[in-house]
Amino acid sequence: PSADDLAEEMEDVDFEDEGAEEPDAEAWESEDDEGLEDGMEAQDDSEVTFSLHSASVFCVSLDPKTNTLAVTGGEDDKAFVWRVSDGELLFECSGHKDSVTCAGFSHDSVFVATGDMSGLIKVWRVDAKEEVWSFEVGDLEWMEWHPQAHVLLAGTADGNTWMWKIPSGDCKTFQGPACPATCGRILPDGKRAVVGYEDGTMRIWDLKQGTSLHVLKGQDGHQDPLTCVASNQDGSLIMTGSVDCHAKLVNSATGKVVCVFKMESVAPKAPIGEGEEAESNSVESLGFCNVMPLAAVGYLDGTLAIYDLSTQSLRHKCQHESGIVQLLWEESSAVVYTCSLDGAVRLWDARSGKMISEYRGHSAEILDFAVNKDASIVVTTSGDHQAKVFCVQRPDR
């Protein structure tokens with residue numbers, strides 16, 4: 001868009017700067033200004049900024065039913081439920097005493113759960129804005145709602161995975177190895193969950209029986225802690241990612257490894273000098289495309305790898321300047337979104353491997369993000385203490 005288009009679009013926006021009533025075209029030249037060192041500050045493509053947090057905002061989730069509400073949790077020990085359309089606060093999820101690192105809505109948007117690092121989990125009824133349940137576990141690693149029921153699953157640093165019915169609080173635990181349960185995901189059938197552990201093992205649990213259906217360890221497992229797990233739409237395939245830079249594709253019915261995607265490091269490793277640390281790399285996020293047999297893996301070195309599942313081969317490598325924090329696929333297309341340590345959200349066409357667009361506005365790294373169902377908005381959270389809403393719908397897509 002030209003400077004004038006931008007100025008026109010911005011006319012009905014409230015500017016908080018020194019009475020800049022009508023931004024003149026010159027104000028918009030800065031984007032092309034090569035001399036701008038601090039590009040992160042200069043450009044803000046967001047529509048709404050939520051700024052009630054007073055420290056880094058670690059997590060965000062959108063309510064699945066209407067996609068009109070967001071919940072964010074932060075290092076300030078606070079969690080807020082707010083309206084995406086205008087950033088208006090609905091209510092604060094008060095009472096946490098540590099950084100809120102997990103937050104999410106139940107499948108029908110009736111409840112919202114917030115969890116802090118020390119293991120205090122609270123559940124709130126959204127319409128009544130009141131707390132209906134709370135429980136304290138060991139140090140919390142991850143938390144997820146069941147896709148079809150008011151059931152909450154959480155993994156803790158002692159290796160346990162907990163499952164509660166909400167709001168009755170009926171509880172089951174699944175005992176893993178004596179090391180943190182670092183990531184987990186309930187499979188689409190709602191009957192099984194896959195949990196990854198710090199010792200490189202992965203287990204598929206039967207939620208009803210409380211038994212472990214499959215264990216991947218040793219050569220089948222990872223050599224380093226698991227960082228993320230995902231499943232495809234029908235739950236037949238699971239993918240696990242690890243600090244060892246491998247992503248493994250697993251048949252969920254048999255528990256067998258179908259293939260291993262290994263990323264060769266982009267930069268040749270220079271010999272390490274005295275006191276220098278090796279450049280570290282790991283798989284940070286992964287996911288399956290719903291409309292094509294593709295999977296995406298995001299790495300700490302900034303590589304987005306698109307793998308073709310039918311040929312089990314690398315299809316595209318999309319390079320970012322800095323580490324990828326998270327990736328998400330659009331629900332009904334081959335578009336994958338990434339957020340990274342440079343504070344930008346990018347949309348990639350997985351078929352061509354080309355970047356479609358890029359959105360900026362944060363002055364620090366993006367730590368988490370969510371995409372709504374029709375892929376028209378992205379909500380991001382950042383180390384700059386803010387959450388932002390970006391409109392990403394493009395007429396030509």
# chains A, B, ... in the order shown; residues from 1 in each chain; ligands from 1

$ residues_around --residues "stretch 125-128 of chain A" --least-positions-apart "4" --cutoff "8 Å" --atoms "only C-alpha atoms" --output "list in words"
Ser109, Val110, Phe111, Val112 and Val132 of chain A

$ residues_around --residues "A:Leu328" --least-positions-apart "2" --cutoff "10 Å" --atoms "only C-alpha atoms" --output "short mmCIF file (atom, residue, chain, number, x, y, z; two decimals) with all heavy atoms, in the first residue's frame"
data_model
loop_
_atom_site.label_atom_id
_atom_site.label_comp_id
_atom_site.auth_asym_id
_atom_site.auth_seq_id
_atom_site.Cartn_x
_atom_site.Cartn_y
_atom_site.Cartn_z
N SER A 285 8.45 -26.02 17.28
CA SER A 285 7.02 -26.12 17.03
C SER A 285 6.80 -26.94 15.76
O SER A 285 7.67 -26.97 14.89
CB SER A 285 6.45 -24.71 16.85
OG SER A 285 5.05 -24.74 16.71
N LEU A 286 5.64 -27.61 15.69
CA LEU A 286 5.35 -28.36 14.46
C LEU A 286 3.85 -28.54 14.32
O LEU A 286 3.08 -28.31 15.25
CB LEU A 286 6.08 -29.71 14.46
CG LEU A 286 6.25 -30.50 15.76
CD1 LEU A 286 4.94 -31.12 16.17
CD2 LEU A 286 7.30 -31.59 15.58
N GLY A 287 3.44 -28.91 13.11
CA GLY A 287 2.01 -29.09 12.88
C GLY A 287 1.73 -29.67 11.51
O GLY A 287 2.58 -29.62 10.62
N PHE A 288 0.53 -30.24 11.37
CA PHE A 288 0.10 -30.85 10.11
C PHE A 288 -0.85 -29.93 9.36
O PHE A 288 -1.69 -29.27 9.97
CB PHE A 288 -0.66 -32.15 10.39
CG PHE A 288 0.18 -33.27 10.93
CD1 PHE A 288 0.40 -33.40 12.30
CD2 PHE A 288 0.75 -34.20 10.07
CE1 PHE A 288 1.16 -34.45 12.80
CE2 PHE A 288 1.51 -35.26 10.57
CZ PHE A 288 1.72 -35.38 11.93
N CYS A 289 -0.74 -29.95 8.04
CA CYS A 289 -1.69 -29.26 7.18
C CYS A 289 -2.95 -30.12 7.07
O CYS A 289 -2.86 -31.34 6.95
CB CYS A 289 -1.05 -29.07 5.80
SG CYS A 289 -2.14 -28.30 4.60
N ALA A 296 4.76 -29.06 8.88
CA ALA A 296 5.72 -27.97 9.03
C ALA A 296 6.45 -28.13 10.35
O ALA A 296 5.87 -28.53 11.36
CB ALA A 296 4.99 -26.63 9.02
N VAL A 297 7.76 -27.85 10.32
CA VAL A 297 8.58 -27.90 11.53
C VAL A 297 9.34 -26.59 11.64
O VAL A 297 9.98 -26.15 10.68
CB VAL A 297 9.57 -29.10 11.48
CG1 VAL A 297 10.40 -29.16 12.75
CG2 VAL A 297 8.81 -30.41 11.28
N GLY A 298 9.26 -25.96 12.82
CA GLY A 298 9.95 -24.69 13.03
C GLY A 298 11.12 -24.89 13.98
O GLY A 298 10.98 -25.54 15.02
N GLN A 326 6.85 -20.31 17.37
CA GLN A 326 5.69 -21.16 17.20
C GLN A 326 5.21 -21.10 15.76
O GLN A 326 5.44 -20.10 15.07
CB GLN A 326 4.56 -20.71 18.12
CG GLN A 326 3.54 -21.82 18.38
CD GLN A 326 2.25 -21.28 18.95
OE1 GLN A 326 2.21 -20.20 19.50
NE2 GLN A 326 1.18 -22.03 18.79
N GLU A 330 -3.24 -22.68 8.87
CA GLU A 330 -4.60 -22.22 8.66
C GLU A 330 -5.48 -23.47 8.59
O GLU A 330 -5.06 -24.51 8.09
CB GLU A 330 -4.67 -21.46 7.33
CG GLU A 330 -5.36 -20.14 7.44
CD GLU A 330 -5.23 -19.29 6.19
OE1 GLU A 330 -5.75 -19.70 5.14
OE2 GLU A 330 -4.61 -18.22 6.26
N GLU A 331 -6.72 -23.34 9.07
CA GLU A 331 -7.56 -24.53 9.20
C GLU A 331 -7.88 -25.17 7.85
O GLU A 331 -7.92 -26.39 7.73
CB GLU A 331 -8.85 -24.18 9.93
CG GLU A 331 -9.47 -25.38 10.60
CD GLU A 331 -10.44 -24.98 11.71
OE1 GLU A 331 -9.99 -24.54 12.77
OE2 GLU A 331 -11.64 -25.12 11.47
N VAL A 335 -1.65 -22.72 4.15
CA VAL A 335 -0.90 -21.53 4.61
C VAL A 335 -0.46 -21.78 6.04
O VAL A 335 -1.25 -22.21 6.88
CB VAL A 335 -1.77 -20.26 4.53
CG1 VAL A 335 -1.06 -19.08 5.16
CG2 VAL A 335 -2.13 -19.96 3.07
N VAL A 336 0.82 -21.54 6.29
CA VAL A 336 1.34 -21.73 7.64
C VAL A 336 1.84 -20.39 8.18
O VAL A 336 2.39 -19.57 7.44
CB VAL A 336 2.45 -22.82 7.66
CG1 VAL A 336 3.69 -22.41 6.90
CG2 VAL A 336 2.81 -23.22 9.08
N TYR A 337 1.55 -20.15 9.46
CA TYR A 337 1.92 -18.90 10.12
C TYR A 337 3.09 -19.18 11.06
O TYR A 337 3.12 -20.22 11.71
CB TYR A 337 0.78 -18.40 11.01
CG TYR A 337 -0.47 -17.98 10.29
CD1 TYR A 337 -1.18 -18.88 9.47
CD2 TYR A 337 -0.97 -16.69 10.43
CE1 TYR A 337 -2.34 -18.49 8.82
CE2 TYR A 337 -2.13 -16.29 9.78
CZ TYR A 337 -2.81 -17.20 8.98
OH TYR A 337 -3.95 -16.80 8.33
N THR A 338 4.04 -18.25 11.12
CA THR A 338 5.13 -18.39 12.09
C THR A 338 5.24 -17.10 12.89
O THR A 338 4.96 -16.01 12.37
CB THR A 338 6.49 -18.62 11.39
OG1 THR A 338 6.74 -17.54 10.47
CG2 THR A 338 6.52 -19.94 10.65
N CYS A 339 5.65 -17.23 14.15
CA CYS A 339 6.04 -16.02 14.89
C CYS A 339 7.45 -16.26 15.37
O CYS A 339 7.84 -17.39 15.64
CB CYS A 339 5.08 -15.72 16.03
SG CYS A 339 5.15 -16.91 17.37
N LEU A 347 3.23 -15.15 7.12
CA LEU A 347 2.38 -16.15 6.49
C LEU A 347 3.13 -16.72 5.31
O LEU A 347 3.67 -15.97 4.49
CB LEU A 347 1.08 -15.50 5.99
CG LEU A 347 -0.05 -15.29 7.00
CD1 LEU A 347 0.37 -14.31 8.09
CD2 LEU A 347 -1.29 -14.79 6.30
N PHE A 369 1.07 -17.06 19.88
CA PHE A 369 0.05 -16.44 19.05
C PHE A 369 -1.07 -17.42 18.77
O PHE A 369 -0.94 -18.62 18.98
CB PHE A 369 0.65 -15.86 17.76
CG PHE A 369 0.96 -16.86 16.67
CD1 PHE A 369 0.27 -16.82 15.46
CD2 PHE A 369 1.97 -17.80 16.81
CE1 PHE A 369 0.56 -17.72 14.44
CE2 PHE A 369 2.27 -18.69 15.79
CZ PHE A 369 1.56 -18.65 14.60
N ALA A 370 -2.21 -16.89 18.32
CA ALA A 370 -3.36 -17.71 17.99
C ALA A 370 -3.99 -17.15 16.71
O ALA A 370 -3.94 -15.94 16.47
CB ALA A 370 -4.38 -17.69 19.13
N VAL A 371 -4.57 -18.03 15.90
CA VAL A 371 -5.25 -17.63 14.66
C VAL A 371 -6.71 -18.01 14.80
O VAL A 371 -7.02 -19.11 15.28
CB VAL A 371 -4.64 -18.37 13.44
CG1 VAL A 371 -5.34 -17.96 12.16
CG2 VAL A 371 -3.14 -18.08 13.34
#

$ residues_around --residues "A:Asp384" --least-positions-apart "2" --cutoff "12 Å" --atoms "only C-alpha atoms" --output "PDB file with C-alpha atoms, in the first residue's frame"
ATOM      1  CA  MET A  40      10.673  -2.925  15.165  1.00  0.00           C
ATOM      2  CA  GLU A  41       9.547   0.311  16.773  1.00  0.00           C
ATOM      3  CA  THR A  49      -3.279  -3.448  21.372  1.00  0.00           C
ATOM      4  CA  PHE A  50      -4.043  -4.911  24.779  1.00  0.00           C
ATOM      5  CA  SER A  51      -1.700  -3.414  27.343  1.00  0.00           C
ATOM      6  CA  LEU A  52      -2.906  -4.315  30.831  1.00  0.00           C
ATOM      7  CA  HIS A  53       0.014  -6.680  31.455  1.00  0.00           C
ATOM      8  CA  SER A  54       3.033  -5.168  33.175  1.00  0.00           C
ATOM      9  CA  ALA A  55       5.582  -7.804  32.107  1.00  0.00           C
ATOM     10  CA  SER A  56       6.154 -10.319  29.295  1.00  0.00           C
ATOM     11  CA  VAL A  57       2.950 -11.944  28.021  1.00  0.00           C
ATOM     12  CA  PHE A  58       3.606 -15.681  27.705  1.00  0.00           C
ATOM     13  CA  GLY A  74       1.970 -13.212  31.768  1.00  0.00           C
ATOM     14  CA  GLU A  75       5.083 -12.890  33.874  1.00  0.00           C
ATOM     15  CA  LEU A 341      12.122 -13.786  18.078  1.00  0.00           C
ATOM     16  CA  ASP A 342      12.360 -10.743  15.761  1.00  0.00           C
ATOM     17  CA  GLY A 343       8.789  -9.757  16.696  1.00  0.00           C
ATOM     18  CA  GLY A 361       4.150  -4.087  15.663  1.00  0.00           C
ATOM     19  CA  HIS A 362       5.907  -5.585  18.668  1.00  0.00           C
ATOM     20  CA  SER A 363       9.129  -4.092  20.015  1.00  0.00           C
ATOM     21  CA  ALA A 364      10.290  -7.456  21.417  1.00  0.00           C
ATOM     22  CA  GLU A 365      10.047 -11.150  20.566  1.00  0.00           C
ATOM     23  CA  ILE A 366       6.635 -12.759  20.065  1.00  0.00           C
ATOM     24  CA  LEU A 367       6.144 -15.499  22.655  1.00  0.00           C
ATOM     25  CA  THR A 380       0.058 -12.235  19.433  1.00  0.00           C
ATOM     26  CA  THR A 381       1.743 -11.881  22.830  1.00  0.00           C
ATOM     27  CA  SER A 382       5.200 -10.504  23.382  1.00  0.00           C
ATOM     28  CA  GLN A 386       1.611  -6.297  25.057  1.00  0.00           C
ATOM     29  CA  ALA A 387      -0.842  -8.467  23.159  1.00  0.00           C
ATOM     30  CA  LYS A 388      -1.844  -7.351  19.677  1.00  0.00           C
TER      31      LYS A 388
END

$ residues_around --residues "stretch 182-199 of chain A" --least-positions-apart "2" --cutoff "9 Å" --atoms "only C-alpha atoms" --output "MDAnalysis selection string"
chainID A and resid 141:149 153:157 159 161 176:180 201:208 213 217 221:236 238 240 252

$ closest_residue --among "A:Asp170, A:Asp63, A:Asp98, A:Asp86" --to "A:Ala113" --atoms "only C-alpha atoms"
A:Asp63

$ closest_residue --among "A:Val71, A:Val151, A:Leu216, A:Ile324" --to "A:Leu89" --atoms "only C-alpha atoms"
A:Val71
